[in-house]
Amino acid sequence: MNGRQKLYIQEVAPRDGFQNEQRFIDTHDKIDFINRLSQSGYAKIEATSFTSPKAIPALKDADMVMHEIERNPDVVYTVLVPNVRGAERALACNVDEVNLVMSASETHNRANLRMTREQSFAQLAEVAGAVRGTGVAVNVSLSTVFGCPMEGDIGTLEVFGLMDRFAQLEVDGITLCDTTGMAYPSQVADIAKQAKAQFPQLELTMHFHNTRGMALANTLAAIDRGVDRFDASLGGLGGCPYAPGASGNVCTEDLVHMLELMGYDTGVDLDRILGISGGLPQLIGHDIPSQILKAGPRLTLHPAPAGTA
Ligand code: COA
Ligand code: ZN
């Protein structure tokens with residue numbers, strides 16, 4: 001044990017990242033990628049989603065991925081699930097957690113999930129009921145909590161009302177998602193403070209996208225209010241195909257680099273994830289927004305230019 005404050009980093013590139021890629025990533029490459037992540041010190045890995053293959057063709061191989069990855073017993077393997085059918089598929093693959101998803105915004109929920117929020121809630125309540133008692137954990141990810149690209153700000157009463165309904169279903173955790181990078185630090189501080197105070201029994205995760213460059217600042221604001229769990233995506237991949245303008249999650253290596261410098265214990269091996277991230281451009285066929293991959297860690301020193309006096 002050391003005296004550093006522990007933070008829990010949850011890698012979402014295989015789900016939030018890959019769901020958004022135009023080029024289909026070969027199933028064996030996905031499995032190899034997740035296997036390498038599994039050896040890198042993450043608390044949790046969101047490995048795929050059990051969605052309709054018509055809605056998210058990039059992850060149509062979810063069943064095979066979950067059957068073939070090598071599990072590290074220290075890692076919680078979670079999968080995104082939008083409906084009862086997805087939960088049945090996930091349970092058949094022996095997942096550790098189902099991550100149920102719906103949106104705080106009515107418009108985004110209809111666009112993304114083709115259901116009203118009430119229909120989504122009814123489906124997810126049914127899933128939570130069916131999963132309870134199986135030993136599989138239930139997390140709920142609420143999208144567009146910090147703003148919706150179609151509706152604008154979402155009332156905090158609505159957000160906390162939804163959280164309360166899920167808390168009453170005795171879910172294990174809730175993730176507040178900034179799906180399109182609309183969150184800003186003082187807003188995050190207010191929402192995080194209230195969420196921690198009102199729902200101390202829930203495992204609370206923050207899920208930030210860096211669409212407007214505020215993801216690292218938002219993370220620090222949340223830590224200040226007691227949040228210790230964060231989703232992040234290797235290379236800064238990510239984005240919701242049903243949210244206009246969505247782009248990458250907070251980049252895991254940039255996040256881990258900053259937090260470790262500040263003295264937090266993330267558990268994540270920065271060198272190892274940089275090694276994996278370095279292979280991403282080739283895997284997905286385009287450049288990635290990672291800063292640390294480009295610049296190197298802070299104390300990666302360079303020789304002085306020739307002729308320096
Ligand atoms: N897994 C596999 N297939 C599924 C499925 C699931 N979880 N849910 C539905 N399907 C299939 C149905 O069997 C049906 O197949 P068919 O056309 O061969 O009969 C088809 O998908 C349509 O089913 P329906 O219930 O009418 O769903 P829909 O077309 O209204 O779509 C969702 C609703 C929720 C399934 C779909 O919008 C979805 O998967 N969305 C996920 C979006 C997402 O992941 N976004 C990014 C993350 S936030
Ligand atoms: Zn996301």
# chains A, B, ... in the order shown; residues from 1 in each chain; ligands from 1

$ select_by_dssp --residues "segment 41-276 of chain A" --states "alpha helix (DSSP H)" --output "NGL selection string"
:A and (62-68 or 84-92 or 106-113 or 117-131 or 156-168 or 185-198 or 215-224 or 252-261 or 270-276)

$ closest_atom_pairs --of "chain A" --to "ligand 1" --cutoff "6 Å" --atoms "only C-alpha atoms and all ligand atoms" --output "Markdown table"
| residue | atom | partner | partner_atom_place_in_ligand_line | distance |
| --- | --- | --- | --- | --- |
| A:Phe50 | CA | ligand 1 | 7 (N) | 5.0 |
| A:Thr51 | CA | ligand 1 | 39 (O) | 3.6 |
| A:Ser52 | CA | ligand 1 | 4 (C) | 3.7 |
| A:Pro53 | CA | ligand 1 | 3 (N) | 5.9 |
| A:Ala55 | CA | ligand 1 | 38 (C) | 5.0 |
| A:Pro82 | CA | ligand 1 | 34 (C) | 5.1 |
| A:Asn83 | CA | ligand 1 | 7 (N) | 5.7 |
| A:Arg85 | CA | ligand 1 | 7 (N) | 4.6 |
| A:Gly86 | CA | ligand 1 | 7 (N) | 3.3 |
| A:Asn112 | CA | ligand 1 | 42 (C) | 5.0 |
| A:Leu113 | CA | ligand 1 | 37 (O) | 3.9 |
| A:Arg114 | CA | ligand 1 | 30 (O) | 5.0 |
| A:Cys240 | CA | ligand 1 | 46 (C) | 5.0 |

$ residues_near_ligand --ligand "ligand 2" --cutoff "8 Å" --atoms "only C-alpha atoms and all ligand atoms" --output "ChimeraX atom specification"
/A:16,143,177-180,207-209,238-240,248-249

$ closest_atom_pairs --of "segment 167-192 of chain A" --to "segment 125-128 of chain A" --cutoff "12 Å" --atoms "only C-alpha atoms" --output "Markdown table"
| residue | atom | partner | partner_atom | distance |
| --- | --- | --- | --- | --- |
| A:Ala167 | CA | A:Ala125 | CA | 10.8 |
| A:Gln168 | CA | A:Ala125 | CA | 10.1 |
| A:Leu169 | CA | A:Ala125 | CA | 7.1 |
| A:Glu170 | CA | A:Ala128 | CA | 8.3 |
| A:Val171 | CA | A:Ala128 | CA | 7.0 |
| A:Asp172 | CA | A:Ala128 | CA | 9.9 |
| A:Gly173 | CA | A:Ala128 | CA | 11.6 |

$ closest_residue --among "A:Glu11, A:Glu118, A:Asp231, A:Glu97" --to "Arg132 of chain A" --atoms "only C-alpha atoms"
A:Glu97

$ residues_around --residues "segment 30-34 of chain A" --least-positions-apart "2" --cutoff "12 Å" --atoms "only C-alpha atoms" --output "mmCIF file with N, CA, C and O atoms, in the first residue's frame"
data_model
loop_
_atom_site.group_PDB
_atom_site.id
_atom_site.type_symbol
_atom_site.label_atom_id
_atom_site.label_comp_id
_atom_site.auth_asym_id
_atom_site.auth_seq_id
_atom_site.Cartn_x
_atom_site.Cartn_y
_atom_site.Cartn_z
ATOM 1 N N GLU A 11 -11.422 1.543 -19.137
ATOM 2 C CA GLU A 11 -11.101 1.736 -20.552
ATOM 3 C C GLU A 11 -12.323 1.436 -21.419
ATOM 4 O O GLU A 11 -12.913 0.362 -21.317
ATOM 5 N N VAL A 12 -12.685 2.408 -22.271
ATOM 6 C CA VAL A 12 -13.880 2.222 -23.102
ATOM 7 C C VAL A 12 -13.586 2.206 -24.604
ATOM 8 O O VAL A 12 -14.510 2.117 -25.408
ATOM 9 N N ALA A 13 -12.294 2.230 -24.975
ATOM 10 C CA ALA A 13 -11.985 2.253 -26.422
ATOM 11 C C ALA A 13 -12.609 1.090 -27.201
ATOM 12 O O ALA A 13 -13.116 1.305 -28.311
ATOM 13 N N PRO A 14 -12.611 -0.123 -26.652
ATOM 14 C CA PRO A 14 -13.176 -1.221 -27.458
ATOM 15 C C PRO A 14 -14.684 -1.059 -27.716
ATOM 16 O O PRO A 14 -15.217 -1.661 -28.643
ATOM 17 N N ARG A 15 -15.348 -0.248 -26.912
ATOM 18 C CA ARG A 15 -16.786 -0.001 -27.135
ATOM 19 C C ARG A 15 -17.012 1.414 -27.696
ATOM 20 O O ARG A 15 -17.362 1.581 -28.857
ATOM 21 N N GLY A 17 -14.963 3.665 -28.546
ATOM 22 C CA GLY A 17 -14.049 3.959 -29.648
ATOM 23 C C GLY A 17 -14.421 3.196 -30.913
ATOM 24 O O GLY A 17 -14.724 3.792 -31.954
ATOM 25 N N PHE A 18 -14.420 1.900 -30.812
ATOM 26 C CA PHE A 18 -14.606 1.082 -32.023
ATOM 27 C C PHE A 18 -16.006 1.224 -32.620
ATOM 28 O O PHE A 18 -16.191 1.045 -33.825
ATOM 29 N N GLN A 19 -17.028 1.550 -31.809
ATOM 30 C CA GLN A 19 -18.403 1.650 -32.346
ATOM 31 C C GLN A 19 -18.507 2.725 -33.417
ATOM 32 O O GLN A 19 -19.416 2.712 -34.239
ATOM 33 N N PHE A 24 -14.400 -1.714 -40.540
ATOM 34 C CA PHE A 24 -14.646 -2.787 -39.572
ATOM 35 C C PHE A 24 -13.321 -3.320 -39.046
ATOM 36 O O PHE A 24 -12.430 -3.682 -39.815
ATOM 37 N N ILE A 25 -13.180 -3.355 -37.739
ATOM 38 C CA ILE A 25 -11.948 -3.870 -37.137
ATOM 39 C C ILE A 25 -12.113 -5.373 -36.959
ATOM 40 O O ILE A 25 -13.083 -5.842 -36.350
ATOM 41 N N ASP A 26 -11.161 -6.079 -37.507
ATOM 42 C CA ASP A 26 -11.197 -7.542 -37.492
ATOM 43 C C ASP A 26 -11.393 -8.070 -36.062
ATOM 44 O O ASP A 26 -10.794 -7.555 -35.108
ATOM 45 N N THR A 27 -12.219 -9.080 -35.916
ATOM 46 C CA THR A 27 -12.552 -9.607 -34.587
ATOM 47 C C THR A 27 -11.303 -10.034 -33.821
ATOM 48 O O THR A 27 -11.174 -9.773 -32.623
ATOM 49 N N HIS A 28 -10.366 -10.687 -34.516
ATOM 50 C CA HIS A 28 -9.165 -11.136 -33.803
ATOM 51 C C HIS A 28 -8.297 -9.959 -33.360
ATOM 52 O O HIS A 28 -7.652 -10.025 -32.314
ATOM 53 N N ARG A 36 -4.386 -7.181 -24.492
ATOM 54 C CA ARG A 36 -3.275 -6.318 -24.077
ATOM 55 C C ARG A 36 -3.742 -5.295 -23.037
ATOM 56 O O ARG A 36 -3.047 -5.025 -22.054
ATOM 57 N N LEU A 37 -4.935 -4.737 -23.232
ATOM 58 C CA LEU A 37 -5.480 -3.812 -22.224
ATOM 59 C C LEU A 37 -5.603 -4.513 -20.872
ATOM 60 O O LEU A 37 -5.364 -3.910 -19.817
ATOM 61 N N SER A 38 -5.976 -5.787 -20.915
ATOM 62 C CA SER A 38 -6.211 -6.542 -19.675
ATOM 63 C C SER A 38 -4.966 -6.649 -18.816
ATOM 64 O O SER A 38 -5.060 -6.910 -17.619
ATOM 65 N N GLN A 39 -3.804 -6.472 -19.413
ATOM 66 C CA GLN A 39 -2.537 -6.579 -18.666
ATOM 67 C C GLN A 39 -1.983 -5.209 -18.293
ATOM 68 O O GLN A 39 -0.806 -5.074 -17.989
ATOM 69 N N SER A 40 -2.819 -4.161 -18.353
ATOM 70 C CA SER A 40 -2.292 -2.801 -18.200
ATOM 71 C C SER A 40 -2.732 -2.085 -16.932
ATOM 72 O O SER A 40 -2.440 -0.904 -16.753
ATOM 73 N N TYR A 42 -5.994 -1.639 -15.636
ATOM 74 C CA TYR A 42 -7.323 -1.007 -15.551
ATOM 75 C C TYR A 42 -8.197 -1.679 -14.487
ATOM 76 O O TYR A 42 -8.093 -2.881 -14.251
ATOM 77 N N LYS A 44 -11.541 -1.586 -14.919
ATOM 78 C CA LYS A 44 -12.681 -2.102 -15.684
ATOM 79 C C LYS A 44 -12.404 -1.893 -17.168
ATOM 80 O O LYS A 44 -11.739 -0.910 -17.531
ATOM 81 N N ILE A 45 -12.898 -2.789 -18.003
ATOM 82 C CA ILE A 45 -12.799 -2.602 -19.452
ATOM 83 C C ILE A 45 -14.193 -2.796 -20.043
ATOM 84 O O ILE A 45 -14.839 -3.815 -19.795
ATOM 85 N N GLU A 46 -14.658 -1.793 -20.787
ATOM 86 C CA GLU A 46 -15.915 -1.969 -21.520
ATOM 87 C C GLU A 46 -15.542 -2.581 -22.863
ATOM 88 O O GLU A 46 -14.987 -1.922 -23.737
ATOM 89 N N ALA A 47 -15.832 -3.857 -22.992
ATOM 90 C CA ALA A 47 -15.218 -4.634 -24.073
ATOM 91 C C ALA A 47 -15.972 -4.538 -25.401
ATOM 92 O O ALA A 47 -15.375 -4.683 -26.465
ATOM 93 N N THR A 48 -17.284 -4.309 -25.338
ATOM 94 C CA THR A 48 -18.077 -4.266 -26.567
ATOM 95 C C THR A 48 -19.499 -3.838 -26.206
ATOM 96 O O THR A 48 -19.757 -3.442 -25.078
ATOM 97 N N ALA A 58 -20.314 -2.031 -36.323
ATOM 98 C CA ALA A 58 -18.905 -2.182 -35.939
ATOM 99 C C ALA A 58 -18.707 -3.183 -34.804
ATOM 100 O O ALA A 58 -17.621 -3.732 -34.635
ATOM 101 N N LEU A 59 -19.776 -3.415 -34.022
ATOM 102 C CA LEU A 59 -19.643 -4.313 -32.869
ATOM 103 C C LEU A 59 -20.553 -5.538 -33.007
ATOM 104 O O LEU A 59 -20.965 -6.137 -32.008
ATOM 105 N N LYS A 60 -20.818 -5.924 -34.233
ATOM 106 C CA LYS A 60 -21.712 -7.073 -34.451
ATOM 107 C C LYS A 60 -21.085 -8.390 -33.984
ATOM 108 O O LYS A 60 -21.785 -9.400 -33.870
ATOM 109 N N ASP A 61 -19.762 -8.364 -33.728
ATOM 110 C CA ASP A 61 -19.054 -9.580 -33.294
ATOM 111 C C ASP A 61 -18.927 -9.670 -31.769
ATOM 112 O O ASP A 61 -18.046 -10.350 -31.244
ATOM 113 N N ALA A 62 -19.820 -8.987 -31.037
ATOM 114 C CA ALA A 62 -19.706 -8.895 -29.568
ATOM 115 C C ALA A 62 -19.637 -10.270 -28.897
ATOM 116 O O ALA A 62 -18.831 -10.479 -27.984
ATOM 117 N N ASP A 63 -20.464 -11.205 -29.354
ATOM 118 C CA ASP A 63 -20.515 -12.517 -28.686
ATOM 119 C C ASP A 63 -19.153 -13.211 -28.796
ATOM 120 O O ASP A 63 -18.624 -13.729 -27.813
ATOM 121 N N MET A 64 -18.588 -13.201 -30.003
ATOM 122 C CA MET A 64 -17.304 -13.873 -30.206
ATOM 123 C C MET A 64 -16.194 -13.187 -29.404
ATOM 124 O O MET A 64 -15.358 -13.856 -28.783
ATOM 125 N N VAL A 65 -16.216 -11.863 -29.405
ATOM 126 C CA VAL A 65 -15.198 -11.124 -28.639
ATOM 127 C C VAL A 65 -15.254 -11.552 -27.175
ATOM 128 O O VAL A 65 -14.235 -11.887 -26.562
ATOM 129 N N MET A 66 -16.454 -11.566 -26.606
ATOM 130 C CA MET A 66 -16.554 -11.888 -25.175
ATOM 131 C C MET A 66 -16.180 -13.333 -24.876
ATOM 132 O O MET A 66 -15.647 -13.633 -23.820
ATOM 133 N N HIS A 67 -16.464 -14.223 -25.827
ATOM 134 C CA HIS A 67 -16.100 -15.630 -25.583
ATOM 135 C C HIS A 67 -14.599 -15.858 -25.682
ATOM 136 O O HIS A 67 -14.056 -16.723 -24.999
ATOM 137 N N GLU A 68 -13.922 -15.087 -26.512
ATOM 138 C CA GLU A 68 -12.526 -15.437 -26.827
ATOM 139 C C GLU A 68 -11.468 -14.626 -26.082
ATOM 140 O O GLU A 68 -10.310 -15.013 -26.091
ATOM 141 N N ILE A 69 -11.841 -13.505 -25.467
ATOM 142 C CA ILE A 69 -10.801 -12.750 -24.756
ATOM 143 C C ILE A 69 -10.304 -13.553 -23.546
ATOM 144 O O ILE A 69 -11.026 -14.377 -22.988
ATOM 145 N N GLU A 70 -9.040 -13.293 -23.176
ATOM 146 C CA GLU A 70 -8.470 -13.908 -21.970
ATOM 147 C C GLU A 70 -8.743 -12.964 -20.808
ATOM 148 O O GLU A 70 -8.258 -11.841 -20.792
ATOM 149 N N ARG A 71 -9.522 -13.432 -19.836
ATOM 150 C CA ARG A 71 -9.915 -12.537 -18.740
ATOM 151 C C ARG A 71 -8.841 -12.491 -17.660
ATOM 152 O O ARG A 71 -8.320 -13.530 -17.254
ATOM 153 N N ASN A 72 -8.590 -11.301 -17.190
ATOM 154 C CA ASN A 72 -7.743 -11.098 -16.017
ATOM 155 C C ASN A 72 -8.691 -10.967 -14.827
ATOM 156 O O ASN A 72 -9.569 -10.095 -14.823
ATOM 157 N N VAL A 75 -9.723 -7.586 -13.415
ATOM 158 C CA VAL A 75 -10.423 -6.607 -14.251
ATOM 159 C C VAL A 75 -11.906 -6.960 -14.300
ATOM 160 O O VAL A 75 -12.268 -8.135 -14.438
ATOM 161 N N TYR A 77 -15.098 -6.934 -16.488
ATOM 162 C CA TYR A 77 -15.446 -6.832 -17.909
ATOM 163 C C TYR A 77 -16.920 -6.456 -18.030
ATOM 164 O O TYR A 77 -17.799 -7.211 -17.618
ATOM 165 N N LEU A 234 -8.456 4.885 -24.928
ATOM 166 C CA LEU A 234 -7.087 4.903 -25.422
ATOM 167 C C LEU A 234 -7.012 5.672 -26.740
ATOM 168 O O LEU A 234 -7.853 5.497 -27.620
ATOM 169 N N ILE A 273 0.375 1.206 -21.877
ATOM 170 C CA ILE A 273 -0.736 1.682 -22.715
ATOM 171 C C ILE A 273 -0.231 2.539 -23.877
ATOM 172 O O ILE A 273 -0.842 2.548 -24.947
ATOM 173 N N GLY A 275 2.380 1.834 -25.504
ATOM 174 C CA GLY A 275 2.744 0.811 -26.489
ATOM 175 C C GLY A 275 1.531 0.352 -27.288
ATOM 176 O O GLY A 275 1.601 0.151 -28.509
ATOM 177 N N ILE A 276 0.411 0.205 -26.618
ATOM 178 C CA ILE A 276 -0.814 -0.248 -27.311
ATOM 179 C C ILE A 276 -1.366 0.884 -28.174
ATOM 180 O O ILE A 276 -1.763 0.683 -29.332
ATOM 181 N N SER A 277 -1.365 2.072 -27.620
ATOM 182 C CA SER A 277 -1.894 3.229 -28.341
ATOM 183 C C SER A 277 -1.102 3.488 -29.629
ATOM 184 O O SER A 277 -1.670 3.865 -30.665
ATOM 185 N N GLY A 278 0.206 3.247 -29.558
ATOM 186 C CA GLY A 278 1.052 3.455 -30.731
ATOM 187 C C GLY A 278 0.629 2.605 -31.921
ATOM 188 O O GLY A 278 0.877 2.976 -33.076
ATOM 189 N N GLY A 279 -0.026 1.484 -31.653
ATOM 190 C CA GLY A 279 -0.475 0.613 -32.743
ATOM 191 C C GLY A 279 -1.854 0.974 -33.273
ATOM 192 O O GLY A 279 -2.318 0.415 -34.279
ATOM 193 N N LEU A 280 -2.513 1.922 -32.607
ATOM 194 C CA LEU A 280 -3.903 2.222 -32.991
ATOM 195 C C LEU A 280 -4.053 2.823 -34.395
ATOM 196 O O LEU A 280 -4.951 2.419 -35.139
ATOM 197 N N LEU A 283 -4.194 0.157 -36.764
ATOM 198 C CA LEU A 283 -5.361 -0.709 -36.568
ATOM 199 C C LEU A 283 -6.628 -0.079 -37.142
ATOM 200 O O LEU A 283 -7.444 -0.752 -37.778
ATOM 201 N N ILE A 284 -6.793 1.222 -36.926
ATOM 202 C CA ILE A 284 -8.050 1.858 -37.340
ATOM 203 C C ILE A 284 -7.907 2.651 -38.638
ATOM 204 O O ILE A 284 -8.898 3.118 -39.193
#

$ atom_distance --atom1 "atom CA of Asp96 of chain A" --atom2 "atom CA of Val76 of chain A"
5.9 Å

$ select_by_dssp --residues "segment 82-290 of chain A" --states "strand (DSSP E or B)" --output "ChimeraX atom specification"
/A:97-103,137-143,148,152,173-178,203-209,229-233,249,251,265

$ closest_residue --among "A:Ala43, A:Ala192, A:Met262, A:Ala130" --to "Phe160 of chain A" --atoms "only C-alpha atoms"
A:Ala192

$ residues_around --residues "Phe146 of chain A" --least-positions-apart "5" --cutoff "12 Å" --atoms "only C-alpha atoms" --output "VMD selection string"
chain A and resid 103 to 105 151 to 156 158 to 159 175 to 192 206 to 209 218

$ closest_residue --among "A:Gly41, A:Gly245, A:Pro297, A:Gly226" --to "Asp74 of chain A" --atoms "only C-alpha atoms"
A:Gly41

$ atom_distance --atom1 "atom CA of Ile223 of chain A" --atom2 "atom CA of Leu293 of chain A"
24.4 Å

$ closest_residue --among "A:Ala90, A:Val131, A:Leu261, A:Ile174" --to "Gln201 of chain A" --atoms "only C-alpha atoms"
A:Ile174

$ decode --residues "segment 222-298 of chain A" --atoms "C-alpha atoms" --output "CSV table (one decimal), in the first residue's frame"
chain,number,residue,atom,x,y,z
A,222,ALA,CA,-15.0,15.9,-10.4
A,223,ILE,CA,-12.1,14.6,-8.3
A,224,ASP,CA,-12.3,17.7,-6.2
A,225,ARG,CA,-15.9,16.7,-5.4
A,226,GLY,CA,-15.0,13.2,-4.4
A,227,VAL,CA,-15.5,11.3,-7.7
A,228,ASP,CA,-12.9,8.5,-8.1
A,229,ARG,CA,-13.9,6.6,-11.2
A,230,PHE,CA,-13.5,7.7,-14.8
A,231,ASP,CA,-14.1,6.2,-18.2
A,232,ALA,CA,-11.4,7.0,-20.7
A,233,SER,CA,-10.5,5.9,-24.2
A,234,LEU,CA,-7.1,4.9,-25.4
A,235,GLY,CA,-5.8,7.3,-28.1
A,236,GLY,CA,-8.8,9.5,-27.5
A,237,LEU,CA,-11.0,7.4,-29.7
A,238,GLY,CA,-14.8,7.5,-29.3
A,239,GLY,CA,-18.0,9.1,-30.2
A,240,CYS,CA,-21.7,8.4,-30.5
A,241,PRO,CA,-22.9,7.8,-34.1
A,242,TYR,CA,-26.3,9.2,-33.1
A,243,ALA,CA,-25.1,12.5,-31.6
A,244,PRO,CA,-24.2,15.2,-34.1
A,245,GLY,CA,-20.7,16.5,-33.6
A,246,ALA,CA,-19.7,13.8,-31.1
A,247,SER,CA,-16.0,13.1,-30.9
A,248,GLY,CA,-13.5,11.3,-28.8
A,249,ASN,CA,-13.5,10.5,-25.1
A,250,VAL,CA,-10.9,11.9,-22.7
A,251,CYS,CA,-7.7,10.2,-23.9
A,252,THR,CA,-6.6,7.5,-21.4
A,253,GLU,CA,-2.8,8.1,-21.8
A,254,ASP,CA,-3.2,11.9,-21.4
A,255,LEU,CA,-5.4,11.4,-18.3
A,256,VAL,CA,-3.1,8.8,-16.7
A,257,HIS,CA,-0.1,10.9,-17.4
A,258,MET,CA,-1.6,14.0,-15.7
A,259,LEU,CA,-3.1,12.2,-12.7
A,260,GLU,CA,0.1,10.2,-12.0
A,261,LEU,CA,2.1,13.5,-12.1
A,262,MET,CA,-0.3,14.9,-9.6
A,263,GLY,CA,0.3,12.0,-7.2
A,264,TYR,CA,-2.8,9.9,-7.8
A,265,ASP,CA,-2.6,6.2,-8.1
A,266,THR,CA,-4.4,5.2,-11.2
A,267,GLY,CA,-3.1,1.6,-11.3
A,268,VAL,CA,-2.5,2.0,-15.1
A,269,ASP,CA,0.9,1.3,-16.5
A,270,LEU,CA,1.5,4.4,-18.8
A,271,ASP,CA,4.4,2.8,-20.8
A,272,ARG,CA,2.3,-0.2,-21.5
A,273,ILE,CA,-0.7,1.7,-22.7
A,274,LEU,CA,1.5,4.0,-24.8
A,275,GLY,CA,2.7,0.8,-26.5
A,276,ILE,CA,-0.8,-0.2,-27.3
A,277,SER,CA,-1.9,3.2,-28.3
A,278,GLY,CA,1.1,3.5,-30.7
A,279,GLY,CA,-0.5,0.6,-32.7
A,280,LEU,CA,-3.9,2.2,-33.0
A,281,PRO,CA,-3.4,4.4,-36.1
A,282,GLN,CA,-2.5,1.3,-38.1
A,283,LEU,CA,-5.4,-0.7,-36.6
A,284,ILE,CA,-8.1,1.9,-37.3
A,285,GLY,CA,-6.5,3.5,-40.4
A,286,HIS,CA,-6.2,7.1,-39.2
A,287,ASP,CA,-4.4,9.4,-36.9
A,288,ILE,CA,-5.5,9.7,-33.2
A,289,PRO,CA,-5.9,12.8,-31.0
A,290,SER,CA,-3.5,11.5,-28.2
A,291,GLN,CA,-1.2,14.3,-27.0
A,292,ILE,CA,1.2,12.1,-25.0
A,293,LEU,CA,1.7,9.7,-27.8
A,294,LYS,CA,2.9,12.6,-29.9
A,295,ALA,CA,4.9,14.6,-27.3
A,296,GLY,CA,6.0,11.8,-25.0
A,297,PRO,CA,5.7,11.9,-21.2
A,298,ARG,CA,6.8,15.2,-19.6
